[in-house]
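So this one's upload-v1.txt, compact mmCIF, C-alpha atoms:
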# COMPACT_ATOMS: atom_id res chain seq x y z
CA MET A 745 15.08 18.76 8.67
CA PRO A 746 12.00 17.61 6.80
CA THR A 747 10.57 14.13 6.63
CA PHE A 748 10.38 12.07 3.48
CA ALA A 749 8.95 8.64 2.64
CA TYR A 750 10.69 5.72 1.02
CA MET A 751 8.31 5.02 -1.84
CA THR A 752 8.97 1.29 -1.97
CA ARG A 753 8.25 0.86 1.76
CA CYS A 754 5.22 3.15 2.17
CA ASP A 755 1.90 1.38 1.65
CA GLY A 756 -0.25 4.49 1.91
CA CYS A 757 -1.97 3.50 5.17
CA GLY A 758 -2.47 7.11 6.34
CA GLN A 759 -1.18 6.83 9.93
CA CYS A 760 1.26 9.70 9.32
CA VAL A 761 -1.61 11.83 7.98
CA ASP A 762 -3.54 11.24 11.20
CA ILE A 763 -0.72 11.92 13.61
CA CYS A 764 1.14 14.88 12.06
CA PRO A 765 0.62 17.86 14.42
CA SER A 766 1.40 20.29 11.60
CA ASP A 767 -1.00 18.61 9.16
CA ILE A 768 1.74 18.51 6.56
CA MET A 769 1.94 14.75 5.98
CA HIS A 770 -0.48 13.93 3.20
CA ILE A 771 -1.05 11.41 0.46
CA ASP A 772 0.43 12.08 -2.93
CA PRO A 773 -2.34 12.22 -5.58
CA THR A 774 -0.13 10.58 -8.21
CA TYR A 775 1.26 7.53 -6.43
CA ARG A 776 -0.88 7.28 -3.24
CA ARG A 777 2.18 7.34 -1.02
CA ALA A 778 2.87 9.62 1.94
CA TYR A 779 4.70 12.88 1.33
CA ASN A 780 5.52 16.03 3.20
CA ILE A 781 3.56 18.84 1.55
CA GLU A 782 5.43 21.66 3.32
CA PRO A 783 8.96 20.67 4.39
CA ASN A 784 9.68 24.19 5.72
CA PHE A 785 6.99 23.75 8.36
CA CYS A 786 8.20 20.34 9.58
CA TRP A 787 9.60 20.69 13.10
CA GLU A 788 11.15 17.20 13.23
CA CYS A 789 8.86 15.95 15.98
CA TYR A 790 9.31 12.42 14.59
CA SER A 791 5.65 11.59 15.30
CA CYS A 792 5.09 10.25 11.78
CA VAL A 793 8.45 8.45 11.78
CA LYS A 794 7.46 6.57 14.94
CA ALA A 795 3.85 6.00 13.87
CA CYS A 796 4.71 4.53 10.47
CA PRO A 797 4.16 0.75 10.76
CA GLN A 798 6.44 0.13 7.77
CA GLN A 799 9.32 2.33 8.99
CA ALA A 800 8.99 4.05 5.62
CA ILE A 801 9.50 7.63 6.85
CA ASP A 802 12.89 9.15 7.45
CA VAL A 803 14.19 12.62 8.27
CA ARG A 804 16.95 14.26 6.31
CA GLY A 805 19.11 17.14 7.39
CA TYR A 806 19.59 20.25 5.32
CA ALA A 807 22.91 19.89 3.49
CA ASP A 808 24.23 23.25 4.71
CA PHE A 809 24.44 22.26 8.37
CA ALA A 810 23.65 18.56 8.84
CA PRO A 811 26.59 16.16 8.59
CA LEU A 812 26.37 14.17 5.39
CA GLY A 813 26.21 10.43 5.80
CA HIS A 814 24.51 10.50 9.19
CA SER A 815 21.20 8.82 9.92
CA VAL A 816 18.72 8.78 12.78
CA ARG A 817 16.29 5.86 12.46
CA VAL A 818 13.62 4.76 14.89
CA ARG A 819 11.52 1.65 15.42
CA ARG A 820 8.41 1.51 17.59
CA ASP A 821 7.52 -1.82 19.13
CA GLU A 822 4.00 -2.10 20.51
CA VAL A 823 4.66 -5.57 21.90
CA SER A 824 7.36 -4.45 24.32
CA ASN A 825 6.11 -0.83 24.51
CA THR A 826 9.51 0.50 23.55
CA VAL A 827 10.99 2.81 21.00
CA SER A 828 14.49 2.10 19.72
CA TRP A 829 16.83 4.54 18.06
CA LYS A 830 19.84 3.85 15.85
CA ILE A 831 22.14 6.80 15.36
CA ARG A 832 24.86 6.70 12.73
CA TYR A 833 27.47 9.46 12.93
CA ARG A 834 29.31 10.81 9.94
CA ASP A 835 32.52 9.10 11.09
CA GLY A 836 30.76 5.73 11.04
CA ARG A 837 30.11 5.35 14.79
CA LEU A 838 26.83 3.67 15.65
CA LYS A 839 24.78 4.13 18.83
CA GLU A 840 21.57 2.35 19.70
CA PHE A 841 19.13 3.24 22.48
CA THR A 842 15.87 1.69 23.64
CA PHE A 843 13.35 3.49 25.83
CA PRO A 844 9.96 2.62 27.33
CA ILE A 845 7.36 4.83 25.71
CA ARG A 846 3.94 4.20 27.19
CA THR A 847 2.30 4.11 30.58
CA THR A 848 -1.20 3.71 29.11
CA PRO A 849 -2.44 1.02 26.72
CA TRP A 850 -2.27 1.64 22.95
CA GLY A 851 -5.46 3.15 21.63
CA SER A 852 -6.61 4.34 25.07
CA ILE A 853 -6.04 8.03 24.31
CA LYS A 854 -9.10 9.60 22.74
CA PRO A 855 -8.60 11.62 19.51
CA PRO A 856 -9.96 15.22 19.46
CA SER A 857 -12.90 14.08 17.33
CA ALA A 858 -14.10 11.83 20.18
CA TYR A 859 -14.80 14.87 22.39
CA PRO A 860 -17.96 17.00 22.08
CA GLN A 861 -17.73 20.34 20.28
CA PRO A 862 -16.96 23.17 22.74
CA ASP A 863 -19.66 25.79 23.18
CA GLN A 864 -19.14 29.52 22.57
CA GLU A 865 -18.43 30.22 26.24
CA ALA A 866 -15.61 27.67 26.22
CA LEU A 867 -14.21 29.14 23.00
CA ASP A 868 -14.21 32.66 24.48
CA SER A 869 -12.58 31.45 27.68
CA PRO A 870 -8.81 31.93 28.18
CA LEU A 871 -8.63 28.30 29.32
CA LEU A 872 -7.20 25.71 26.96
CA ALA A 873 -8.96 22.43 26.19
CA HIS A 874 -9.45 20.22 29.27
CA GLU A 875 -8.24 22.94 31.62
CA PRO A 876 -8.35 23.02 34.58
CA GLU A 877 -9.44 19.40 35.21
CA ALA A 878 -6.64 17.88 33.12
CA LEU A 879 -4.15 19.78 35.31
CA MET A 880 -5.79 18.16 38.34
CA ILE A 881 -6.58 21.50 39.97
CA GLU A 882 -9.87 23.18 40.68
CA ARG A 883 -8.99 26.44 38.98
CA LEU A 884 -5.99 28.16 37.49
CA PRO A 885 -4.17 30.61 39.78
CA VAL A 886 -4.60 34.27 38.87
CA LEU A 887 -2.49 37.27 39.70
CA PRO A 888 -3.97 39.38 42.52
CA ARG A 889 -5.31 42.71 41.30
CA ALA A 890 -3.28 45.69 42.35
CA MET B 905 -25.48 -21.93 -14.99
CA MET B 906 -23.80 -18.54 -15.56
CA PHE B 907 -20.75 -19.50 -13.53
CA GLY B 908 -20.15 -22.64 -15.61
CA SER B 909 -20.26 -20.94 -19.00
CA ASN B 910 -17.15 -19.83 -20.92
CA PRO B 911 -18.02 -16.37 -22.34
CA PHE B 912 -15.07 -16.41 -24.74
CA ALA B 913 -16.34 -19.60 -26.39
CA LEU B 914 -19.76 -17.97 -26.83
CA ILE B 915 -18.33 -15.15 -28.96
CA ALA B 916 -15.76 -17.28 -30.81
CA GLU B 917 -17.97 -17.35 -33.91
CA ASP B 918 -17.91 -13.57 -34.21
CA VAL B 919 -14.45 -12.84 -32.80
CA PRO B 920 -11.88 -15.36 -34.11
CA ALA B 921 -9.89 -17.14 -31.41
CA VAL B 922 -6.64 -15.92 -32.92
CA VAL B 923 -7.75 -12.30 -32.43
CA MET B 924 -8.55 -12.94 -28.75
CA GLN B 925 -5.23 -14.74 -28.28
CA GLY B 926 -3.34 -11.92 -30.01
CA TYR B 927 -5.05 -9.43 -27.71
CA VAL B 928 -3.98 -11.37 -24.58
CA VAL B 929 -0.37 -11.51 -25.83
CA LEU B 930 -0.47 -7.78 -26.60
CA MET B 931 -1.68 -7.03 -23.07
CA ALA B 932 1.13 -9.16 -21.58
CA LEU B 933 3.64 -7.24 -23.70
CA LEU B 934 2.15 -3.94 -22.56
CA VAL B 935 2.64 -4.98 -18.92
CA ALA B 936 6.27 -6.01 -19.54
CA VAL B 937 7.15 -2.84 -21.46
CA GLY B 938 5.15 -0.64 -19.09
CA THR B 939 6.91 -2.04 -16.04
CA LEU B 940 10.29 -1.46 -17.68
CA VAL B 941 9.37 2.14 -18.56
CA ASP B 942 8.04 2.68 -15.04
CA MET B 943 11.30 1.41 -13.50
CA LEU B 944 13.43 3.59 -15.77
CA HIS B 945 11.27 6.68 -15.32
CA LYS B 946 11.13 6.45 -11.50
CA ARG B 947 14.74 5.21 -11.41
CA SER B 948 13.57 2.59 -8.93
CA ALA B 949 15.99 -0.06 -10.24
CA GLU B 950 18.88 2.43 -9.96
CA PHE B 951 17.87 3.25 -6.38
CA PHE B 952 17.51 -0.44 -5.56
CA PHE B 953 21.02 -1.33 -6.76
CA LEU B 954 22.49 1.74 -5.07
CA ASP B 955 20.91 0.67 -1.76
CA TRP B 956 21.95 -2.94 -2.37
CA ARG B 957 25.61 -1.91 -2.84
CA ARG B 958 25.44 0.30 0.28
CA SER B 959 23.98 -2.51 2.36
CA ARG B 960 26.56 -5.04 1.11
CA ALA B 961 29.35 -2.65 2.11
CA ALA B 962 27.79 -2.18 5.57
CA ALA B 963 27.00 -5.87 6.14
CA ARG B 964 28.28 -7.32 9.42
CA ARG B 965 27.93 -10.90 8.24
CA VAL B 966 27.69 -12.62 4.88
CA LEU B 967 24.54 -14.61 4.28
CA GLY B 968 24.81 -18.07 2.80
CA ALA B 969 22.75 -19.20 -0.18
CA GLY B 970 20.53 -21.28 2.11
CA GLU B 971 19.77 -18.28 4.33
CA ARG B 972 18.89 -16.16 1.28
CA VAL B 973 16.55 -18.85 -0.01
CA ALA B 974 14.93 -19.09 3.44
CA LEU B 975 14.45 -15.29 3.49
CA ALA B 976 13.00 -15.37 -0.02
CA LEU B 977 10.56 -18.11 1.02
CA ARG B 978 9.59 -16.15 4.14
CA THR B 979 8.99 -13.05 1.99
CA LEU B 980 6.90 -15.11 -0.42
CA LEU B 981 4.80 -16.62 2.35
CA TYR B 982 4.45 -13.58 4.59
CA GLU B 983 4.55 -10.46 2.40
CA VAL B 984 3.33 -11.82 -0.95
CA LEU B 985 0.92 -14.72 -0.37
CA SER B 986 -0.62 -13.48 2.88
CA ALA B 987 -0.22 -9.69 2.43
CA GLY B 988 1.48 -9.57 5.83
CA GLU B 989 2.75 -6.01 5.47
CA PHE B 990 -0.78 -4.65 5.96
CA CYS B 991 -1.31 -4.03 9.66
CA ASN B 992 -4.98 -3.13 9.25
CA PRO B 993 -6.92 -6.43 9.09
CA ALA B 994 -9.66 -4.97 6.86
CA ARG B 995 -7.11 -3.69 4.37
CA ARG B 996 -5.30 -7.02 4.44
CA ILE B 997 -8.49 -9.00 3.70
CA SER B 998 -9.48 -6.57 0.95
CA HIS B 999 -6.03 -6.84 -0.63
CA LEU B 1000 -6.05 -10.63 -0.42
CA LEU B 1001 -9.46 -10.77 -2.11
CA MET B 1002 -8.16 -8.58 -4.94
CA PHE B 1003 -4.81 -10.40 -5.16
CA TYR B 1004 -6.17 -13.95 -5.40
CA GLY B 1005 -9.25 -12.83 -7.34
CA PHE B 1006 -7.08 -11.13 -9.97
CA ILE B 1007 -4.82 -14.20 -10.29
CA PHE B 1008 -7.83 -16.55 -10.69
CA TYR B 1009 -9.42 -14.16 -13.19
CA VAL B 1010 -6.29 -13.70 -15.33
CA VAL B 1011 -5.24 -17.36 -15.29
CA ALA B 1012 -8.77 -18.52 -16.15
CA THR B 1013 -8.97 -15.93 -18.96
CA VAL B 1014 -5.68 -17.13 -20.47
CA VAL B 1015 -6.65 -20.81 -20.19
CA MET B 1016 -10.13 -20.28 -21.68
CA VAL B 1017 -8.92 -18.01 -24.51
CA PHE B 1018 -6.03 -20.25 -25.52
CA GLY B 1019 -7.54 -23.65 -24.74
CA TYR B 1020 -11.27 -23.56 -25.13
CA THR B 1021 -12.36 -21.18 -27.90
CA ALA B 1022 -12.08 -23.64 -30.81
CA PRO B 1023 -15.43 -24.89 -32.21
CA MET B 1024 -16.84 -28.03 -30.62
CA THR B 1025 -14.46 -27.80 -27.64
CA ALA B 1026 -16.17 -28.17 -24.29
CA THR B 1027 -14.78 -26.05 -21.46
CA PRO B 1028 -14.27 -27.89 -18.16
CA PRO B 1029 -16.50 -26.09 -15.62
CA LEU B 1030 -13.53 -25.34 -13.38
CA TRP B 1031 -12.22 -22.51 -15.57
CA PRO B 1032 -15.44 -20.49 -16.04
CA ILE B 1033 -16.18 -20.94 -12.33
CA LEU B 1034 -12.68 -19.69 -11.48
CA TRP B 1035 -13.11 -16.74 -13.87
CA HIS B 1036 -16.44 -15.68 -12.32
CA LEU B 1037 -15.29 -16.33 -8.77
CA GLY B 1038 -12.06 -14.36 -9.35
CA ALA B 1039 -14.01 -11.45 -10.84
CA LEU B 1040 -16.38 -11.39 -7.86
CA MET B 1041 -13.49 -11.49 -5.40
CA VAL B 1042 -11.83 -8.54 -7.18
CA LEU B 1043 -15.10 -6.60 -7.05
CA VAL B 1044 -15.85 -7.31 -3.37
CA GLY B 1045 -12.30 -6.50 -2.23
CA GLY B 1046 -11.94 -3.62 -4.67
CA TYR B 1047 -15.18 -1.74 -4.00
CA TRP B 1048 -14.69 -2.24 -0.25
CA PHE B 1049 -11.23 -0.68 -0.57
CA PHE B 1050 -12.34 2.04 -2.97
CA PHE B 1051 -15.30 3.38 -0.96
CA PHE B 1052 -14.28 2.70 2.64
CA ILE B 1053 -10.62 1.81 3.19
CA ARG B 1054 -8.83 4.00 0.60
CA VAL B 1055 -6.60 6.45 2.42
CA ASP B 1056 -8.06 9.43 0.57
CA VAL B 1057 -11.48 8.60 2.01
CA ALA B 1058 -10.58 7.14 5.42
CA HIS B 1059 -7.78 9.56 6.41
CA GLU B 1060 -7.79 12.55 4.09
CA GLY B 1061 -11.57 12.94 4.46
CA ARG B 1062 -12.10 13.19 0.68
CA SER B 1063 -15.19 12.11 -1.20
CA PRO B 1064 -14.89 8.58 -2.62
CA TRP B 1065 -15.88 10.04 -5.99
CA ARG B 1066 -12.86 12.36 -6.13
CA LEU B 1067 -10.53 10.65 -8.58
CA ARG B 1068 -6.82 11.29 -9.03
CA ARG B 1069 -4.05 9.61 -11.03
CA ALA B 1070 -3.37 7.35 -8.04
CA ASP B 1071 -6.82 5.83 -8.70
CA LEU B 1072 -5.95 4.85 -12.27
CA PHE B 1073 -5.04 1.25 -11.39
CA ILE B 1074 -7.86 0.45 -8.97
CA GLY B 1075 -10.39 2.42 -11.04
CA THR B 1076 -9.64 0.73 -14.38
CA LEU B 1077 -9.39 -2.68 -12.70
CA LEU B 1078 -12.80 -2.34 -11.04
CA VAL B 1079 -14.55 -0.92 -14.11
CA SER B 1080 -12.97 -3.51 -16.42
CA VAL B 1081 -13.96 -6.46 -14.22
CA THR B 1082 -17.44 -5.03 -13.61
CA PHE B 1083 -18.06 -4.73 -17.36
CA ALA B 1084 -16.64 -8.24 -17.88
CA LEU B 1085 -19.22 -9.71 -15.53
CA ILE B 1086 -22.09 -7.67 -16.99
CA TRP B 1087 -21.00 -8.74 -20.50
CA ALA B 1088 -20.95 -12.42 -19.47
CA PHE B 1089 -24.44 -12.07 -17.98
CA MET B 1090 -25.81 -10.30 -21.10
CA LEU B 1091 -24.34 -13.02 -23.33
CA LEU B 1092 -26.07 -15.72 -21.38
CA ALA B 1093 -29.33 -13.83 -21.19
CA ARG B 1094 -29.09 -13.36 -25.00
CA TYR B 1095 -29.32 -9.57 -24.86
CA THR B 1096 -27.16 -9.44 -27.99
CA THR B 1097 -26.89 -5.67 -28.50
CA ALA B 1098 -26.28 -4.97 -24.84
CA ALA B 1099 -23.70 -7.78 -24.75
CA TRP B 1100 -21.71 -6.15 -27.57
CA VAL B 1101 -21.89 -2.74 -25.90
CA PHE B 1102 -20.57 -4.17 -22.63
CA PHE B 1103 -17.98 -6.24 -24.50
CA ALA B 1104 -16.67 -3.02 -26.11
CA LEU B 1105 -16.54 -1.32 -22.68
CA TYR B 1106 -14.83 -4.38 -21.17
CA VAL B 1107 -12.14 -4.36 -23.90
CA LEU B 1108 -11.72 -0.58 -23.66
CA PHE B 1109 -11.13 -0.55 -19.89
CA THR B 1110 -9.02 -3.72 -19.95
CA THR B 1111 -6.78 -2.08 -22.55
CA LEU B 1112 -6.62 1.04 -20.40
CA LEU B 1113 -5.70 -1.08 -17.34
CA PHE B 1114 -2.75 -2.74 -19.07
CA ALA B 1115 -1.68 0.16 -21.29
CA SER B 1116 -1.54 2.59 -18.36
CA VAL B 1117 1.10 0.62 -16.43
CA PRO B 1118 3.76 3.40 -16.75
CA TRP B 1119 1.36 5.91 -15.17
CA SER B 1120 -0.48 3.71 -12.69
CA LYS B 1121 0.64 1.70 -9.64
CA PHE B 1122 0.26 -1.58 -11.51
CA ALA B 1123 4.01 -2.22 -11.20
CA HIS B 1124 3.73 -2.39 -7.39
CA MET B 1125 3.07 -6.12 -7.71
CA PHE B 1126 6.64 -6.53 -8.99
CA TYR B 1127 8.70 -4.09 -6.93
CA LYS B 1128 6.95 -4.53 -3.56
CA PRO B 1129 8.11 -8.15 -3.06
CA VAL B 1130 11.65 -7.15 -4.09
CA ALA B 1131 11.67 -4.29 -1.57
CA ALA B 1132 10.31 -6.60 1.18
CA PHE B 1133 13.01 -9.19 0.42
CA GLN B 1134 15.70 -6.50 0.47
CA LYS B 1135 14.49 -5.33 3.90
CA ARG B 1136 14.68 -8.87 5.29
CA VAL B 1137 18.18 -9.37 3.85
CA GLN B 1138 19.40 -6.07 5.34
CA GLU B 1139 18.04 -7.02 8.77
CA ALA B 1140 19.65 -10.47 8.59
CA GLU B 1141 23.08 -9.28 7.48
CA GLY B 1142 23.12 -6.37 9.95
CA SER B 1143 23.24 -3.62 7.34
CA SER B 1144 19.80 -2.16 8.04
CA THR B 1145 19.78 1.46 9.14
CA LEU B 1146 16.87 0.56 11.45
CA PRO B 1147 17.35 -0.50 15.08
CA GLN B 1148 17.02 -4.20 15.83
CA PRO B 1149 13.49 -5.22 16.92
CA THR B 1150 13.30 -5.55 20.71
CA THR B 1151 10.98 -8.57 20.49
CA SER B 1152 10.86 -11.45 18.08
CA GLY B 1153 9.09 -10.03 15.05
CA GLY B 1154 8.33 -6.91 17.07
CA GLY B 1155 7.62 -3.81 15.13
CA ARG B 1156 7.30 -5.65 11.82
CA CYS B 1157 3.61 -5.03 11.69
CA PRO B 1158 2.07 -3.51 14.82
CA PRO B 1159 -1.69 -4.01 15.13
CA SER B 1160 -3.42 -1.07 13.55
CA ARG B 1161 -6.88 0.20 12.74
CA THR B 1162 -5.63 2.04 9.68
Let me see whether you can do it: turn the structure in this file into structure tokens.
Amino acid sequence: MPTFAYMTRCDGCGQCVDICPSDIMHIDPTYRRAYNIEPNFCWECYSCVKACPQQAIDVRGYADFAPLGHSVRVRRDEVSNTVSWKIRYRDGRLKEFTFPIRTTPWGSIKPPSAYPQPDQEALDSPLLAHEPEALMIERLPVLPRA
Amino acid sequence: MMFGSNPFALIAEDVPAVVMQGYVVLMALLVAVGTLVDMLHKRSAEFFFLDWRRSRAAARRVLGAGERVALALRTLLYEVLSAGEFCNPARRISHLLMFYGFIFYVVATVVMVFGYTAPMTATPPLWPILWHLGALMVLVGGYWFFFFIRVDVAHEGRSPWRLRRADLFIGTLLVSVTFALIWAFMLLARYTTAAWVFFALYVLFTTLLFASVPWSKFAHMFYKPVAAFQKRVQEAEGSSTLPQPTTSGGGRCPPSRT
């Protein structure tokens, strides 16, 4: 279910480029509008859909299994810290939901580029970034040797 | 001194006024035809009317003429005149500089070419000042956008010198206006040969700017306000596929650094 951008709504701001975890949202070199460069690798995380300040990105289902005529639209509201969903079913039913989305202020989460480069020892380590301190433990448990 | 001088009057002896006026009319025609071709090629008008019919069928309430006029005025004030759709303040200021600068520059060009190129006609200082001021505003906003704010540079991490078709509009606009200002300066400084060289470059890139409308994003100044108005109408009549904002105006343009 890949994303696509409504060309008349997109203003080419680049927020979807920054947030896409698959690095597949890019800027079209012909029209300077967002586009999905590799729809097969889109896992419908909706990050770009929520990040888009113009609500210009939508997700479409593949015609062989997604019900035609449905839509799943989302609007992020930084004033009330909520995200709202509007679901339209194929039979015309509409459902709307609103959820709180943040417990920390907008912009307070550091991007990866704000952290120092890891050294070779950290790269060779089986620990992931920010482990174990981000898990709030002193060290990861290990299996006892037989 | 430079800002108060009408450069078109200075060359009127060598380039007849009727030729300059014919050129301006030709450029206006190129924009009209180019926009039409652009709409047909991208099928944007077809998509617009398809979406318009869909939203009318899904409307929960019918808007009165007064409400539509109010929405059109709000679109004009918010999206068009104050570039309100840009959430990044830097991008908004840069766009406003280019928007108003381009209007001043084009209007002053038309007025000076059609009104003040005849012999022995003095140009009121307002128009040359507006022409120079408009050109400077376009250059400040444009170069700021081109080298620092442009998404290719700020988000894609590309070199500002890497040019693609998407740069056709901003590139030809900046080069054309830059050469226009250099030409005006050379004219005043009486560097005759250099003035003609820069005049030729100015005409070349201005022609490219207006003749490339079908391939550039020039037409955005026509379809963007229509799309913004359509979005407001859909929200007002309840036919928008988007959820209702949870706060007044919420989500229309969240504060953004990008």
* Asked: Taking all atoms listed in the file into account, what are the residues of chain A at most 7 Å from chain B, put as number ranges by chain?
  -> A: 752, 756-759, 761-762, 773-776, 797, 817-824, 828-830, 840
Given 8 Å on each side, where is the centre and what are the edge lengths in Å to one decimal of the axis-aligned box enclosing the listed atoms of segment 1029-1034 of chain B, as AutoDock Vina command-line options?
--center_x -14.4 --center_y -22.9 --center_z -13.8 --size_x 20.3 --size_y 22.4 --size_z 20.6
Next on the checklist: For Ala1084 of chain B, find every residue with an atom within 9 Å (counting all atoms listed in the file), except residues of its own chain fewer than 4 positions away, and show them as a list of chain:residue names.
Outcome noted: B:Ala1039, B:Val1079, B:Ser1080, B:Ala1088, B:Phe1089, B:Phe1102, B:Phe1103, B:Leu1105, B:Tyr1106, B:Val1107
Practice problem: Enumerate, as a VMD selection string, the protein, DNA and RNA residues whose atoms approach (15.7, 4.3, 24.2) to within 9 Å, taking into account all atoms listed in the file and the coordinate frame of the file. | Solution: chain A and resid 826 to 829 840 to 845
Dump as a PDB file, in the coordinates of the input, selection limited to C-alpha atoms:
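What follows is the written file selection.pdb:
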ATOM      1  CA  THR A 826       9.510   0.500  23.550  1.00  0.00           C
ATOM      2  CA  VAL A 827      10.990   2.810  21.000  1.00  0.00           C
ATOM      3  CA  SER A 828      14.490   2.100  19.720  1.00  0.00           C
ATOM      4  CA  TRP A 829      16.830   4.540  18.060  1.00  0.00           C
ATOM      5  CA  GLU A 840      21.570   2.350  19.700  1.00  0.00           C
ATOM      6  CA  PHE A 841      19.130   3.240  22.480  1.00  0.00           C
ATOM      7  CA  THR A 842      15.870   1.690  23.640  1.00  0.00           C
ATOM      8  CA  PHE A 843      13.350   3.490  25.830  1.00  0.00           C
ATOM      9  CA  PRO A 844       9.960   2.620  27.330  1.00  0.00           C
ATOM     10  CA  ILE A 845       7.360   4.830  25.710  1.00  0.00           C
TER      11      ILE A 845
END
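Pairwise distance (atom CA of Val1010 of chain B, atom CA of Thr1025 of chain B) equals 20.4 Å.
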Extract, using all atoms listed in the file, all DNA, RNA and protein residues at most 8 Å from Pro1029 of chain B, discarding same-chain residues fewer than 3 positions from it, and format them as a PyMOL selection string.
-> chain B and resi 908-909+1032-1033
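With distances restricted to only C-alpha atoms, B:Phe1114 is the closest residue to Val935 of chain B from B:Phe1052, B:Phe907, B:Phe1133, B:Phe1114.
Here atom CA of Ala866 of chain A and atom CA of Asp767 of chain A stand 24.2 Å from one another.
Closest approach to Thr1110 of chain B among B:Leu985, B:Met924, B:Ala913, B:Val1081 is made by B:Val1081 (distances from all atoms listed in the file).
The space between atom CA of Trp1048 of chain B and atom CA of Arg1062 of chain B spans 15.7 Å.
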For this session: Considering only C-alpha atoms, return as a ChimeraX atom specification whatever protein or nucleic-acid residues lie within 7 Å of Tyr750 of chain A, sequence-local ones (same chain, fewer than 2 positions apart) excluded.
Result: /A:748,752-754,800-801
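Using all atoms listed in the file, the nearest neighbour of Arg832 of chain A within the list B:Ile997, B:Ala962, B:Phe1109, B:Leu1091 is B:Ala962.
Between Phe1006 of chain B and the residues B:Gly988, B:Gly1045, B:Gly1019, B:Gly1038, the shortest atom-to-atom distance, using all atoms listed in the file, involves B:Gly1038.
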Hey, what's within 12 Å of segment 780-785 of chain A if we count only C-alpha atoms and toss same-chain stuff fewer than 6 positions away? As a PyMOL selection string, please? chain A and resi 745-750+760-761+764-773+792-793+801-806
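Using all atoms listed in the file, the shortest contact distance between Trp1100 of chain B and any of B:Gln1134, B:Arg996, B:His1036, B:Ile1086 is found at B:Ile1086.
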Near Val966 of chain B, counting only C-alpha atoms, which residues have an atom at most 10 Å away, once you skip same-chain residues fewer than 4 positions from it, shown as an mmCIF file with C-alpha atoms, in the coordinates of the input?
data_model
loop_
_atom_site.group_PDB
_atom_site.id
_atom_site.type_symbol
_atom_site.label_atom_id
_atom_site.label_comp_id
_atom_site.auth_asym_id
_atom_site.auth_seq_id
_atom_site.Cartn_x
_atom_site.Cartn_y
_atom_site.Cartn_z
ATOM 1 C CA ARG B 960 26.560 -5.040 1.110
ATOM 2 C CA GLU B 971 19.770 -18.280 4.330
ATOM 3 C CA ALA B 1140 19.650 -10.470 8.590
ATOM 4 C CA GLU B 1141 23.080 -9.280 7.480
ATOM 5 C CA GLY B 1142 23.120 -6.370 9.950
#
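Using all atoms listed in the file for every distance, the candidate list B:Thr1096, B:Ala987, B:Gly970, B:Phe951 yields B:Phe951 as the residue closest to Met751 of chain A.
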